[in-house]
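Q: Sharing model.txt, compact mmCIF, C-alpha atoms:
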```
# COMPACT_ATOMS: atom_id res chain seq x y z
CA MET B 1 26.91 -17.71 -11.21
CA ALA B 2 28.07 -14.27 -10.08
CA ASP B 3 26.28 -12.90 -7.04
CA ASN B 4 25.14 -9.66 -8.66
CA TRP B 5 24.79 -7.79 -5.36
CA GLY B 6 24.26 -4.58 -7.34
CA PHE B 7 20.93 -5.93 -8.63
CA VAL B 8 19.89 -7.06 -5.15
CA LEU B 9 20.67 -3.67 -3.61
CA THR B 10 18.94 -1.83 -6.47
CA ALA B 11 15.77 -3.89 -6.02
CA TYR B 12 15.63 -3.43 -2.23
CA GLY B 13 16.68 0.24 -2.46
CA LEU B 14 14.00 0.99 -5.04
CA ALA B 15 11.34 -0.73 -2.92
CA ALA B 16 12.42 1.24 0.17
CA VAL B 17 12.31 4.56 -1.71
CA VAL B 18 8.88 3.86 -3.24
CA LEU B 19 7.29 2.65 0.01
CA VAL B 20 8.71 5.50 2.12
CA ALA B 21 7.63 8.04 -0.52
CA TYR B 22 4.06 6.68 -0.45
CA TRP B 23 3.99 6.71 3.36
CA ARG B 24 5.29 10.31 3.42
CA ARG B 25 2.63 11.33 0.90
CA LEU B 26 -0.10 9.90 3.15
CA VAL B 27 1.32 11.64 6.23
CA ARG B 28 1.69 14.99 4.43
CA ARG B 29 -1.88 14.85 3.08
CA GLU B 30 -3.18 13.97 6.55
CA LYS B 31 -1.39 16.99 8.07
CA GLU B 32 -2.73 19.24 5.32
CA LEU B 33 -6.30 18.14 5.98
CA GLN B 34 -5.86 18.52 9.75
CA GLY B 35 -4.50 22.05 9.28
CA ARG B 36 -7.39 22.98 7.02
CA ARG B 37 -9.90 21.55 9.50
CA LEU B 38 -8.40 23.53 12.39
CA ALA B 39 -8.39 26.72 10.34
CA SER B 40 -12.10 26.35 9.58
CA GLN B 41 -13.06 25.86 13.27
CA PRO B 42 -13.99 28.82 15.51
CA PRO B 43 -11.14 29.80 17.92
CA ARG B 44 -12.92 28.37 21.00
CA ALA B 45 -13.05 24.88 19.42
CA ARG B 46 -9.33 24.85 18.62
CA PRO B 47 -7.10 23.12 21.13
CA GLY B 48 -4.60 25.49 22.77
CA VAL B 49 -6.41 28.64 21.67
CA SER B 50 -8.26 30.44 24.49
CA GLU B 51 -10.54 33.45 24.23
CA PRO B 52 -9.33 36.77 25.75
CA LEU B 53 -10.64 37.22 29.30
CA ALA B 54 -11.98 40.71 28.77
CA PRO B 55 -12.28 43.11 25.91
CA ILE B 56 -9.32 45.45 25.68
CA SER B 57 -10.50 48.91 26.88
CA GLY B 58 -7.20 50.77 26.93
CA HIS B 59 -7.35 51.19 30.75
CA PRO B 60 -4.98 49.23 33.01
CA ARG B 61 -6.86 46.59 35.04
CA SER B 62 -5.86 45.31 38.44
CA LYS B 63 -5.68 41.56 39.03
CA PRO B 64 -8.93 40.22 40.65
CA ALA B 65 -7.01 38.90 43.70
CA SER B 66 -5.61 42.39 44.50
CA ARG B 67 -9.03 44.10 44.56
CA PRO B 68 -10.57 44.85 47.99
CA PRO B 69 -14.00 43.31 48.68
CA LEU B 70 -16.99 45.58 48.16
CA PRO B 71 -18.42 47.16 51.36
CA MET I 1 -5.09 1.88 16.33
CA ILE I 2 -3.15 2.62 13.13
CA ARG I 3 0.04 3.64 14.95
CA PRO I 4 0.48 0.27 16.76
CA ILE I 5 -0.06 -1.53 13.43
CA GLY I 6 2.69 0.67 12.00
CA GLY I 7 5.06 -0.32 14.83
CA VAL I 8 4.36 -4.03 14.40
CA THR I 9 4.76 -3.67 10.61
CA LEU I 10 8.15 -2.00 11.00
CA ALA I 11 9.32 -4.81 13.31
CA ALA I 12 7.98 -7.45 10.88
CA LEU I 13 9.76 -5.80 7.93
CA ALA I 14 13.02 -5.78 9.92
CA ALA I 15 12.50 -9.48 10.71
CA GLY I 16 11.86 -10.11 7.01
CA LEU I 17 15.15 -8.46 6.08
CA VAL I 18 17.00 -10.53 8.68
CA MET I 19 15.41 -13.70 7.28
CA ALA I 20 16.18 -12.74 3.67
CA PHE I 21 19.80 -11.69 4.21
CA GLY I 22 20.87 -13.39 7.43
CA VAL I 23 19.02 -16.69 7.69
CA ALA I 24 18.13 -17.82 4.16
CA PRO I 25 21.10 -19.48 2.42
CA ARG I 26 22.75 -18.43 -0.83
CA GLU I 27 20.91 -20.19 -3.62
CA ALA I 28 23.07 -22.79 -5.40
CA THR I 29 22.17 -21.94 -9.03
CA GLN I 30 21.44 -18.20 -9.04
CA GLY I 31 23.66 -17.06 -6.18
CA ASN I 32 22.69 -14.14 -3.97
CA VAL I 33 20.59 -12.44 -6.65
CA GLN I 34 17.86 -14.95 -5.76
CA ARG I 35 17.33 -12.92 -2.54
CA ILE I 36 15.21 -10.56 -4.67
CA MET I 37 12.58 -13.30 -4.41
CA TYR I 38 11.88 -12.31 -0.75
CA LEU I 39 10.78 -8.91 -2.05
CA HIS I 40 9.29 -9.84 -5.43
CA VAL I 41 7.00 -12.71 -4.38
CA PRO I 42 5.48 -11.01 -1.27
CA SER I 43 4.87 -7.92 -3.45
CA VAL I 44 2.78 -9.87 -5.94
CA TRP I 45 1.00 -11.62 -3.05
CA VAL I 46 -0.03 -8.22 -1.65
CA ALA I 47 -1.14 -7.12 -5.13
CA TYR I 48 -3.39 -10.20 -5.43
CA LEU I 49 -4.73 -9.60 -1.91
CA ALA I 50 -5.38 -5.93 -2.61
CA PHE I 51 -7.30 -6.58 -5.83
CA ALA I 52 -9.30 -9.38 -4.19
CA VAL I 53 -10.30 -6.86 -1.49
CA VAL I 54 -11.26 -4.38 -4.25
CA LEU I 55 -13.53 -7.08 -5.71
CA VAL I 56 -15.26 -7.83 -2.39
CA ALA I 57 -15.58 -4.14 -1.41
CA SER I 58 -16.93 -3.24 -4.86
CA ILE I 59 -19.62 -5.93 -4.62
CA ALA I 60 -20.45 -4.67 -1.11
CA TYR I 61 -20.68 -1.09 -2.38
CA LEU I 62 -23.02 -1.98 -5.24
CA GLY I 63 -25.17 -4.03 -2.87
CA ARG I 64 -25.41 -1.65 0.08
CA ARG I 65 -24.09 1.70 -1.20
CA SER I 66 -21.86 1.86 1.87
CA GLU I 67 -19.36 4.70 1.70
CA THR I 68 -16.90 2.72 3.82
CA ALA I 69 -16.90 -0.12 1.25
CA ASP I 70 -16.10 2.43 -1.45
CA TRP I 71 -13.24 3.90 0.60
CA VAL I 72 -11.82 0.42 1.23
CA ALA I 73 -12.01 -0.41 -2.50
CA HIS I 74 -10.33 2.87 -3.44
CA ALA I 75 -7.57 2.54 -0.83
CA SER I 76 -6.94 -1.11 -1.65
CA ALA I 77 -6.71 -0.43 -5.40
CA GLU I 78 -4.17 2.33 -4.79
CA VAL I 79 -2.00 0.09 -2.59
CA GLY I 80 -2.44 -2.77 -5.08
CA VAL I 81 -1.17 -0.60 -7.94
CA LEU I 82 1.81 0.41 -5.81
CA PHE I 83 2.74 -3.23 -5.13
CA THR I 84 2.07 -4.35 -8.72
CA GLY I 85 4.48 -1.64 -9.87
CA LEU I 86 7.04 -2.90 -7.37
CA THR I 87 6.50 -6.48 -8.58
CA ILE I 88 7.15 -5.48 -12.19
CA ALA I 89 10.21 -3.38 -11.31
CA THR I 90 11.83 -5.95 -9.00
CA GLY I 91 11.03 -8.75 -11.47
CA SER I 92 12.73 -6.80 -14.23
CA ILE I 93 15.80 -6.20 -12.03
CA TRP I 94 15.89 -9.92 -11.20
CA GLY I 95 15.36 -10.87 -14.86
CA LYS I 96 18.43 -9.08 -16.19
CA PRO I 97 21.11 -11.23 -14.46
CA THR I 98 19.10 -14.48 -14.63
CA TRP I 99 17.38 -14.33 -18.04
CA GLY I 100 19.77 -11.87 -19.67
CA THR I 101 17.02 -9.33 -20.40
CA TRP I 102 15.15 -6.62 -18.50
CA TRP I 103 11.88 -7.38 -20.23
CA THR I 104 10.23 -9.91 -22.51
CA TRP I 105 6.63 -10.14 -23.71
CA ASP I 106 6.02 -13.48 -22.06
CA ALA I 107 2.54 -14.41 -20.81
CA ARG I 108 3.20 -13.73 -17.11
CA LEU I 109 4.90 -10.39 -17.65
CA THR I 110 2.32 -9.26 -20.19
CA SER I 111 -0.69 -10.31 -18.07
CA VAL I 112 0.69 -8.62 -14.94
CA SER I 113 1.31 -5.45 -16.97
CA ILE I 114 -2.31 -5.55 -18.16
CA LEU I 115 -3.38 -5.96 -14.52
CA PHE I 116 -1.31 -2.89 -13.58
CA VAL I 117 -2.78 -0.78 -16.40
CA MET I 118 -6.35 -1.88 -15.58
CA TYR I 119 -6.13 -0.77 -11.96
CA LEU I 120 -4.29 2.39 -12.95
CA GLY I 121 -7.30 3.04 -15.20
CA TYR I 122 -9.57 2.31 -12.23
CA LEU I 123 -7.83 5.06 -10.22
CA LEU I 124 -7.88 7.49 -13.16
CA LEU I 125 -11.60 6.85 -13.64
CA ARG I 126 -12.24 7.72 -10.00
CA GLY I 127 -10.31 10.95 -10.40
CA MET I 128 -12.04 11.93 -13.63
CA ILE I 129 -15.68 11.78 -12.52
CA GLU I 130 -16.68 14.74 -10.37
CA ASP I 131 -19.94 13.28 -9.05
CA ARG I 132 -18.68 11.16 -6.15
CA GLU I 133 -21.55 8.68 -6.11
CA ARG I 134 -21.42 8.09 -9.88
CA GLY I 135 -17.62 7.75 -9.79
CA ALA I 136 -17.85 5.18 -7.00
CA ARG I 137 -20.49 3.19 -8.93
CA TYR I 138 -18.47 3.10 -12.18
CA ALA I 139 -15.29 2.27 -10.27
CA ALA I 140 -17.04 -0.61 -8.50
CA VAL I 141 -18.00 -2.13 -11.87
CA VAL I 142 -14.42 -1.79 -13.16
CA GLY I 143 -13.12 -3.22 -9.84
CA ILE I 144 -15.25 -6.33 -10.35
CA VAL I 145 -14.41 -6.81 -14.05
CA ALA I 146 -10.64 -6.22 -13.55
CA ALA I 147 -10.49 -8.93 -10.86
CA PHE I 148 -11.03 -11.57 -13.57
CA ASN I 149 -7.46 -10.85 -14.68
CA ILE I 150 -5.99 -12.13 -11.37
CA PRO I 151 -6.41 -15.88 -12.13
CA LEU I 152 -5.18 -15.17 -15.67
CA VAL I 153 -1.95 -13.73 -14.23
CA HIS I 154 -1.48 -16.56 -11.75
CA PHE I 155 -2.19 -19.43 -14.15
CA SER I 156 -0.55 -17.87 -17.23
CA VAL I 157 2.63 -19.85 -16.50
CA TYR I 158 0.64 -23.10 -16.83
CA TRP I 159 -1.53 -22.11 -19.79
CA TRP I 160 1.25 -20.73 -22.00
CA ARG I 161 4.92 -21.52 -22.53
CA THR I 162 6.72 -18.79 -20.60
CA LEU I 163 10.20 -17.72 -19.64
CA HIS I 164 8.86 -17.02 -16.15
CA GLN I 165 9.04 -20.05 -13.89
CA PRO I 166 5.85 -21.67 -12.51
CA PRO I 167 4.98 -20.87 -8.87
CA SER I 168 7.06 -22.67 -6.24
CA LEU I 169 4.87 -21.88 -3.26
CA MET I 170 1.33 -20.80 -4.20
CA LYS I 171 0.51 -24.09 -5.94
CA PRO I 172 -1.20 -27.36 -5.03
CA GLY I 173 0.91 -30.35 -4.01
CA PRO I 174 4.07 -30.76 -1.96
CA GLY I 175 6.58 -27.91 -1.91
CA THR I 176 9.94 -28.14 -3.64
CA MET I 177 11.77 -25.47 -1.64
CA PRO I 178 13.89 -26.05 1.48
CA ASP I 179 12.13 -25.22 4.76
CA VAL I 180 14.44 -22.31 5.59
CA ILE I 181 13.62 -20.57 2.30
CA VAL I 182 9.89 -21.19 2.85
CA ALA I 183 10.21 -19.74 6.39
CA ALA I 184 11.96 -16.61 5.08
CA LEU I 185 9.26 -16.19 2.45
CA LEU I 186 6.46 -16.64 4.99
CA VAL I 187 7.95 -14.02 7.34
CA ASN I 188 8.10 -11.60 4.41
CA PHE I 189 4.54 -12.51 3.38
CA ALA I 190 3.39 -11.62 6.91
CA ALA I 191 5.40 -8.37 6.94
CA PHE I 192 4.07 -7.24 3.56
CA SER I 193 0.50 -8.19 4.51
CA LEU I 194 0.83 -6.02 7.63
CA LEU I 195 2.21 -3.21 5.50
CA TYR I 196 -0.82 -3.58 3.25
CA VAL I 197 -3.19 -3.37 6.24
CA TYR I 198 -1.33 -0.31 7.57
CA PHE I 199 -1.39 1.55 4.25
CA VAL I 200 -5.05 0.74 3.60
CA ALA I 201 -6.12 1.78 7.13
CA LYS I 202 -4.24 5.06 6.77
CA ARG I 203 -5.64 5.71 3.28
CA VAL I 204 -9.21 4.91 4.35
CA ARG I 205 -8.93 7.40 7.23
CA LEU I 206 -7.64 9.98 4.79
CA LEU I 207 -10.51 9.34 2.35
CA ARG I 208 -13.01 9.70 5.21
CA ARG I 209 -11.48 13.03 6.24
CA GLU I 210 -11.45 14.23 2.63
CA ALA I 211 -15.14 13.37 2.34
CA GLU I 212 -15.87 15.21 5.61
CA ALA I 213 -13.92 18.25 4.41
CA ALA I 214 -15.79 18.24 1.08
CA GLY I 215 -19.08 18.12 3.01
```
For the structure just supplied, provide its representation as structure tokens.
A:
Amino acid sequence: MADNWGFVLTAYGLAAVVLVAYWRRLVRREKELQGRRLASQPPRARPGVSEPLAPISGHPRSKPASRPPLP
Amino acid sequence: MIRPIGGVTLAALAAGLVMAFGVAPREATQGNVQRIMYLHVPSVWVAYLAFAVVLVASIAYLGRRSETADWVAHASAEVGVLFTGLTIATGSIWGKPTWGTWWTWDARLTSVSILFVMYLGYLLLRGMIEDRERGARYAAVVGIVAAFNIPLVHFSVYWWRTLHQPPSLMKPGPGTMPDVIVAALLVNFAAFSLLYVYFVAKRVRLLRREAEAAG
């Protein structure tokens, strides 16, 4: 009987495409949910997002280390 | 925990391919097209496993109303449908060169198609009912009833005259296949079972996060 490699490759190729597509769908959905969860959290709870040190007043501020101690 | 399972699964799938194409010999009657068996038979094994898990998880859900049991049933049904679809497709591709036809309404092919449609209906039912608790309850009942089709699929080749051959491995009595072919099949069984565990674990985590996001 002929080997019919075309059928073998089609079967394995189809399985690979279907399984990878399902895996990618799971990963994409997971990322979507994670993004939505981060967006709904307050800034302080988000990793990598820090609060500003002081409210912006419009006046230049010296660095704390360069200030002389109070008499 | 899921990532290491994914790594092991990938290695097992690679080993399965090596066994199927590098170690297992060319079959004397069918030639190399018989290598589709190392994909087709483990796929149906995973489908059986998945629907058996749906049955157990559905009973657990109805008994204890545990959300985790419902997530496991849902995830397992989805993966089961995926692998049943693969079983039908790869069987059809294998059937063309060996039987001379892509499809025939023989008892095995028909019963496995009914199995596929039943669990597809199970997933549609879940999606259609907005009340989560009610949807889970109805789905659990369908998950239990649909499981009765699994023995029908498996034993259809004994109960009716079919074009599909009877099982060579999942049957009582001594095996008829050479050891090297059995070994290649077992490696692929293990790889596909790991893939099942990986997909279900990932899907359950996703369902939990979706439930948390919905409140």
Q: Calculated over all atoms listed in the file, which of the candidates I:Leu152, I:Leu10, I:Leu49, I:Ala75 has the smallest distance to B:Leu26?
A: I:Ala75
Q: I need the contact residues of chain B against chain I, so if you could list those with any atom within 10 Å, counting all atoms listed in the file, and return them as number ranges by chain, that would help.
A: B: 1-12, 14-15, 18-19, 22-23, 26-27, 29-31, 33-34, 36-37, 40
Q: Could you jot down the atom CA of I:Trp99 to atom CA of I:Ala20 separation for me, Å, one decimal place?
A: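 Rounded to one decimal, the two atoms are 21.8 Å apart.
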Q: Can you measure atom CA of I:Thr9 to atom CA of I:Leu123 for me? One decimal in Å is fine.
A: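 Calculated distance between atom CA of I:Thr9 and atom CA of I:Leu123 is 25.9 Å.
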Q: Quote the spacing between atom CA of I:Thr68 and atom CA of I:Ile144 in Å to one decimal place.
A: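 It comes out at 16.9 Å.
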Q: Tell me which of I:Ile150, I:Leu185, I:Ala139, I:Leu109 sits closest to I:Gly121, counting all atoms listed in the file.
A: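 Smallest distance to I:Gly121 is found for I:Ala139.
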Q: For I:Arg126, which residue out of I:Trp71, I:Trp160, I:Phe148, I:Phe189 is the nearest one, using all atoms listed in the file?
A: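 With all atoms listed in the file as the atom set, the closest residue is I:Trp71.
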Q: Using only C-alpha atoms, determine which residues lie at most 8 Å from I:Thr84, disregarding the query and same-chain residues fewer than 3 positions distant; provide the list as a list in words.
A: Ser43, Val44, Ala47, Gly80, Val81, Thr87, Ile88, Val112 and Phe116 of chain I
